[in-house]
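*Asks:* Pasting a structure here, questions to come.
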Amino acid sequence: MKHIALSILATVLLAACTARAGVVTLVLDSPELSGNPGDVLAFSGTLTNTTSDVVWLNSDNFNLPAGLDPSTIDDSPYFINTPTGFLGPDGTSGDIGLFNVTIPTSLAPGNYDGTFTLLGGAGLDSQDILGSADFTVQVVPSSGVPEPGTLPLLGFGACWLLVWGWVVRGIGRCGAR
Amino acid sequence: MKQFRNLASLAGVFLCATVATGQVMYTVTPLKFVSNGKYSVATAINNQGQVIGWASMDASDSSRHAYFYSGGAMHDLGTFGGKFSSANGLNNNGEVVGNAYYPSQSVIGNVIVYNLVHAFYYHGGSLIDLTPLSDYYSNADSINDAGQIAGGYDDPNGSGFYHAFLYQNGSLADLAANDGTSRGSEALKINASGQVVGHMVTSPAYNQWYGFYWSSNVLKTFLPEPSADVNRINGMNDAGQVVGAGVNQAETSPTYPFLYDGNSLTYLFSTCGAANAINNAGHVVGWYGSDDCWTTETGFLFNGSTYSYMNPLGTSGSNSWLQPNAINRFDQVGGKTTSNVSSAYRAFVAYNGIVTDLNTLVEPSLNLVLYNVDHINDSGLMTVIDYYNVEYLLTPVLSVASSHTGSFTPGQQGATYSVTVTNAATAPATNGTITVTETLPSGLTLMSMAGNGWTCPQGANTCTRSNSLGPGSSYEPITVTVNVAAGATSPQVNWVSVSEGNVWLANSSDPTSLQVSTTSTTTAFNAGLTYSPNFQNVTLTATVTSGGAGVNGGTVTFNVAGVGTVMSGTVTNGNASAMLVVPGSTGVRSYSITATYGGTAGIAGSSDNTKALLIAPAQPVINWHNPPDIQFGSALGSGQLNALASFAGLTVPGTYVYDPPAGTVVQSGSITLKVQFTPLDNVDYFTANASVLLNVVGVPNKLPIPSFVLTRTLSRGYNNGAAINCPDCVVVTVTLTNIGGQPPGAGNSYPTAGFWVGTKMGTTPPWIYDTVFTTGPSLNEGIPPGGTAQAKAIWLGSGYPSGGIALLTIWTMWDIDVCGSGQIIPNACYWSDFVGGTSRVVLP
């Protein structure tokens, strides 16, 4: 059974690599957006089916940089703006909103690089990589500096989130060790 | 009793001393310092014809000095300042031991000593005091050819007793020091093996005498004496056999002749008598008496198994006595006997049972009364004391000599000796049958004897002739032809003897060196070699000896199996050397070197020695220099891992194993790169190791992080066989695939991941946010690049209709322990990030 699973996975990966070669072209309007801590950055772009077949848009996938966690990502625009769930042959989505990033208030200034990936394929169950695009969240210092007393609270909140998740899974980790 | 008999004999001399006439066969030399010296005594004669003893310094015997007769002259050994000295022991090197007086009053240390007597050692022309610091008596009795001296001394350490000593290598050892019962002892004789015999007293009453026998540091006693009589130890040969006269426990006779071999004592006769001398063949001479121990005394010669006897030449009154006193290697015997000529003892010489009055064999005009033979050496020279207590050296007028040319060789056939008989210039012409007898050593076999005028029976070892030989003349030589045994050792000593009539007169030795044909060849070389692909020179050396001496002449050929053969030049002083060129790439192993000596005149060749030439593996040199600095994040490659092994300027093929290996992204800082080189030719080369330092500079802004994709498949129904059996549950199988790169830092772990609890699920439209994955296996496994991890999450509950569309959001957090080989992220070991997203799924 395990061998069968690995074979399937290998097939998926092989297919993903193929799709990534150009099943869907994902072009972000602005791969790098700037903002202050607390700002919401809206990434948008255009999806283009490069094949003559219907491509189902079943999933998205984020690789987040350190400092950004799932709570900062809102990918509902992508699903809302692709209501049919597919792109027709050689079809395009037009310029649509894809996802929003809320810059954590405690995030230090700097560039935070991530990857946005589309998965899907020929059917509703397909999970092939269709295309991907790197994005950068550029955090610029805000004009105001947080009160010293708020920093521990912010840190506590982030830590609580991590602890909650990992403890439930039996893996208690929080912060650097 | 013995003293009484001697007195009786002396009385007889005075009464009826006469001299018989006969053929003069001996010349007579008085052993006196001055012609009118009153007395002299000989205590020893060696095989060089040297004699020692003491002699009066004047007619009144006011003083006596030790003498050393050598080269036809008497040498006064002097004293330590006193009037008296005596020489007691002599070896074949002309070294003498004895005792000598200090002045009548001497100061030793701060003690005034009167008439002090000390043992001396005459060596190098002067007397050496063996106990110079002692103010007590000492005496040296015997010395062997090795210079070991036996004697006795008053123990200066306070015991107050006289102890036997052994003096050697400049120091004196007390042989009885460890014997707590010893009350007095003296070492009398020492043989060539360093064995010592003497006597000692062990009882506090001084009446319990023993013989003692000291050999290899072990002291034994023998011959216990039950009363105050003193046993006599008369001789010891080089085999350690001791003879003498001893009483037995029954004391049925004054003394019995005994033979002691170091372990057991044998009385040779059950009647009185004495064993007086023994030669190195173990032949014993002595006498035994009649039952009354008075009427007769008969001489005997015991050869270890049988006895032969010598009868007195006549009687003295009612007594008929003969006492042998000395024996040499040819069983020539000397002593004293009663005769019909006078009532006094007459000195005799005997051979093969034939007893001859020595007084009949010397010039009658000398009017000597030769009384007793004290000593006889292997050449037939004798010291004989006369009735007036003056000692004479008797030398046979006939001499015999053997000569040969050069050296013999083992296995040689037909080697020859030339044997010549000569009459002394002052002697009369011979008047009897002259017989020459050959006595060959074991390594020589007699083939023939022949000479003009000689009759030499075939197969016999003798030649005879009867024509008279005038004074100062020699017979034509006898040619003795011998074969040399193949295994004969050097030297071989040929002895020849001459007799006139029934009198065995003189013997002569002819030591013959054998040039041992089997030379001893020894090889050695300057050093072992190390394998090389190039040729090498190695010097081979050999020593060639023959008879223990280095050989001159001839050459040595060295053959190194599988390498080559070279020949040395002339062997000089036993040494030979040659240069061997070892071809390049001669493999590692031990090569057998045979050194063969070709021989030279008189010396046979040999090849009796084999050595090894060892070629050891070579150690390759790793040429590897510190590579240029690299930027952090760069993988190791040929720019850094470029070691090269070589030897003797040539590259050595093989494999290189680097640590860390190529492709590794190492941490920043100074990194040690190592390589182990394994040569393809692992016989001739050793493995090699090397290391260099690499500086990794800079840290990139964005680390080469892993990248993941989460995919999901859905199914319905879950039963773990235990707590949960939920046929309607939705099961999400999540696969996390690492599509990114290698975590930076050699040795760092792969990323691990777990479900992110923020998973949410909803339908479209409307969104449903009421669902949370509540449990599921951890994805806490290392995921290498290209690897996957998989887990299931169970959406508990019901009411989710099949075919419905939902949005399923799943996040995972991964982390990496990046401190495996050093910290690459400032202040942190764990590096973590999130991966996840949302799927539009159709409920199964």
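Residue numbers start at 1 in each chain; chains themselves are named A, B, ... in the order of the structure tokens; ligands are numbered from 1 in the order shown.
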As a ChimeraX atom specification, please: the residues near Gly85 in chain A (cut-off 8 Å, only C-alpha atoms, same-chain neighbours under 6 positions excluded).
*Replies:* /A:56-58,79 /B:840
*Asks:* Give me the residues near range 105-113 of chain B as a PDB file with N, CA and C atoms, in the first residue's frame, where near means some atom within 12 Å (using only C-alpha atoms) and where sequence neighbours in that chain fewer than 6 positions away do not count.
*Replies:*
```
ATOM      1  N   PHE B  80     107.535  -9.430  48.786  1.00  0.00           N
ATOM      2  CA  PHE B  80     106.960  -8.114  49.101  1.00  0.00           C
ATOM      3  C   PHE B  80     107.856  -7.356  50.102  1.00  0.00           C
ATOM      4  N   GLY B  81     109.108  -7.744  50.127  1.00  0.00           N
ATOM      5  CA  GLY B  81     110.053  -7.075  51.025  1.00  0.00           C
ATOM      6  C   GLY B  81     110.625  -8.002  52.069  1.00  0.00           C
ATOM      7  N   GLY B  82     110.054  -9.178  52.199  1.00  0.00           N
ATOM      8  CA  GLY B  82     110.544 -10.128  53.177  1.00  0.00           C
ATOM      9  C   GLY B  82     111.580 -11.054  52.562  1.00  0.00           C
ATOM     10  N   LYS B  83     111.877 -12.106  53.287  1.00  0.00           N
ATOM     11  CA  LYS B  83     112.928 -13.013  52.841  1.00  0.00           C
ATOM     12  C   LYS B  83     112.397 -14.170  52.005  1.00  0.00           C
ATOM     13  N   THR B 131      95.661  -9.353  48.247  1.00  0.00           N
ATOM     14  CA  THR B 131      94.923  -8.862  49.430  1.00  0.00           C
ATOM     15  C   THR B 131      95.697  -7.701  50.043  1.00  0.00           C
ATOM     16  N   PRO B 132      95.825  -6.635  49.295  1.00  0.00           N
ATOM     17  CA  PRO B 132      96.763  -5.577  49.711  1.00  0.00           C
ATOM     18  C   PRO B 132      96.370  -4.879  51.009  1.00  0.00           C
ATOM     19  N   LEU B 133      95.113  -4.839  51.337  1.00  0.00           N
ATOM     20  CA  LEU B 133      94.698  -4.076  52.510  1.00  0.00           C
ATOM     21  C   LEU B 133      94.570  -4.945  53.758  1.00  0.00           C
ATOM     22  N   SER B 134      94.816  -6.204  53.601  1.00  0.00           N
ATOM     23  CA  SER B 134      94.623  -7.109  54.734  1.00  0.00           C
ATOM     24  C   SER B 134      95.886  -7.180  55.585  1.00  0.00           C
ATOM     25  N   ASP B 135      95.720  -7.253  56.865  1.00  0.00           N
ATOM     26  CA  ASP B 135      96.855  -7.468  57.739  1.00  0.00           C
ATOM     27  C   ASP B 135      96.896  -8.924  58.198  1.00  0.00           C
ATOM     28  N   TYR B 136      96.247  -9.775  57.418  1.00  0.00           N
ATOM     29  CA  TYR B 136      96.238 -11.198  57.720  1.00  0.00           C
ATOM     30  C   TYR B 136      96.884 -11.977  56.585  1.00  0.00           C
ATOM     31  N   TYR B 137      97.004 -13.256  56.801  1.00  0.00           N
ATOM     32  CA  TYR B 137      97.678 -14.148  55.872  1.00  0.00           C
ATOM     33  C   TYR B 137      96.796 -14.440  54.662  1.00  0.00           C
TER      34      TYR B 137
END
```
*Asks:* Pull out every residue of chain A that has at least one atom within 6 Å of chain B, counting only C-alpha atoms, and report them as a list in words.
*Replies:*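 Only these qualify: Asn58, Ser59, Asp60, Asn61, Phe62, Asn63, Leu64, Pro65, Ala66, Gln127, Gly165 and Ala176 of chain A.
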*Asks:* To test your reading of the structure, identify every residue in range 73-152 of chain B that backbone DSSP assigns to strand (DSSP E or B), and report it as a VMD selection string.
*Replies:* chain B and resid 73 to 78 84 to 90 96 to 101 105 to 108 111 to 114 117 to 123 126 to 129 138 to 143 149 to 152
*Asks:* With C-alpha atoms retained, write the just-selected residues as an mmCIF file, in the first residue's frame.
*Replies:*
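This is the output file again-v5.cif:
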```cif
data_model
loop_
_atom_site.group_PDB
_atom_site.id
_atom_site.type_symbol
_atom_site.label_atom_id
_atom_site.label_comp_id
_atom_site.auth_asym_id
_atom_site.auth_seq_id
_atom_site.Cartn_x
_atom_site.Cartn_y
_atom_site.Cartn_z
ATOM 1 C CA ALA B 73 116.785 -19.046 32.739
ATOM 2 C CA MET B 74 115.711 -18.776 36.341
ATOM 3 C CA HIS B 75 113.748 -15.616 37.114
ATOM 4 C CA ASP B 76 113.571 -14.425 40.674
ATOM 5 C CA LEU B 77 110.017 -13.324 41.372
ATOM 6 C CA GLY B 78 111.123 -11.587 44.543
ATOM 7 C CA PHE B 84 110.621 -15.651 51.491
ATOM 8 C CA SER B 85 108.265 -16.309 48.684
ATOM 9 C CA SER B 86 106.913 -19.356 46.949
ATOM 10 C CA ALA B 87 105.327 -19.891 43.554
ATOM 11 C CA ASN B 88 102.481 -22.367 43.743
ATOM 12 C CA GLY B 89 100.474 -22.151 40.584
ATOM 13 C CA LEU B 90 101.330 -21.696 36.899
ATOM 14 C CA VAL B 96 102.270 -17.376 38.314
ATOM 15 C CA VAL B 97 100.577 -17.248 41.713
ATOM 16 C CA GLY B 98 101.913 -17.957 45.156
ATOM 17 C CA ASN B 99 102.724 -16.151 48.349
ATOM 18 C CA ALA B 100 105.401 -13.757 49.452
ATOM 19 C CA TYR B 101 106.537 -12.242 52.687
ATOM 20 C CA GLN B 105 107.641 -5.809 60.567
ATOM 21 C CA SER B 106 105.192 -3.994 58.342
ATOM 22 C CA VAL B 107 102.524 -1.393 58.751
ATOM 23 C CA ILE B 108 99.262 -2.138 57.020
ATOM 24 C CA VAL B 111 98.418 -1.775 62.221
ATOM 25 C CA ILE B 112 101.906 -3.132 62.822
ATOM 26 C CA VAL B 113 102.097 -6.618 61.378
ATOM 27 C CA TYR B 114 104.873 -9.105 61.766
ATOM 28 C CA VAL B 117 102.455 -13.178 54.049
ATOM 29 C CA HIS B 118 100.203 -12.292 51.144
ATOM 30 C CA ALA B 119 99.065 -14.068 48.052
ATOM 31 C CA PHE B 120 100.645 -12.768 44.868
ATOM 32 C CA TYR B 121 99.838 -12.819 41.231
ATOM 33 C CA TYR B 122 102.841 -12.572 38.933
ATOM 34 C CA HIS B 123 101.619 -10.808 35.875
ATOM 35 C CA SER B 126 105.731 -7.858 38.682
ATOM 36 C CA LEU B 127 104.074 -9.241 41.778
ATOM 37 C CA ILE B 128 100.546 -8.103 42.487
ATOM 38 C CA ASP B 129 99.299 -8.405 46.060
ATOM 39 C CA SER B 138 96.730 -15.109 52.357
ATOM 40 C CA ASN B 139 98.013 -17.565 49.801
ATOM 41 C CA ALA B 140 97.299 -18.309 46.147
ATOM 42 C CA ASP B 141 97.521 -21.932 45.141
ATOM 43 C CA SER B 142 96.348 -22.335 41.569
ATOM 44 C CA ILE B 143 95.658 -20.372 38.397
ATOM 45 C CA ILE B 149 93.033 -17.799 40.829
ATOM 46 C CA ALA B 150 92.161 -20.038 43.757
ATOM 47 C CA GLY B 151 93.579 -19.764 47.223
ATOM 48 C CA GLY B 152 92.840 -18.900 50.803
#
```
*Asks:* Any idea what the distance is between CA of Thr435 in chain B and CA of Gly414 in chain B?
*Replies:*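 It comes out at 23.0 Å.
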*Asks:* Residues at most 10 Å from Thr25 in chain A, counting only C-alpha atoms, excluding those fewer than 6 positions away in the same chain, as a PyMOL selection string?
*Replies:* chain A and resi 19+46-50+92+118+130-133
*Asks:* If we count only C-alpha atoms and set the cut-off at 8 Å, which residues sit around Ser473 in chain B, ignoring sequence neighbours fewer than 5 positions away in its own chain? Please answer as a PyMOL selection string.
*Replies:* chain B and resi 422-425
*Asks:* Can I get the selected residues back with C-alpha atoms, as a compact mmCIF listing (two decimals), in the first residue's frame?
*Replies:*
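Below you can see selection.txt, which holds the result:
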```
# COMPACT_ATOMS: atom_id res chain seq x y z
CA THR B 422 116.68 -34.59 16.25
CA ASN B 423 119.34 -35.49 18.78
CA ALA B 424 120.66 -32.79 21.08
CA ALA B 425 124.08 -31.45 20.29
```
*Asks:* Can you list, as a ChimeraX atom specification, every protein, DNA or RNA residue that comes within 10 Å of Val390 in chain B when you count only C-alpha atoms, leaving out same-chain residues fewer than 2 positions away?
*Replies:* /B:30-32,37-42,55-56,370-371,384-388,392
*Asks:* Using only C-alpha atoms, which residues sit within 12 Å of range 135-137 of chain A once same-chain residues fewer than 5 positions away are excluded, as a PyMOL selection string?
*Replies:* (chain A and resi 26-37+39-45+62-68+72-73+98-104+107-117) or (chain B and resi 702)
*Asks:* So, counting only C-alpha atoms, which residue among A:Asp134, A:Asp69, A:Asp75, A:Asp53 is closest to Ile96 in chain A?
*Replies:*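 Of the candidates, the smallest distance to Ile96 in chain A is held by A:Asp75.
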*Asks:* From the list A:Ile129, A:Leu119, A:Val54, A:Val139, which residue is nearest Gly88 in chain A when using only C-alpha atoms?
*Replies:* A:Val54
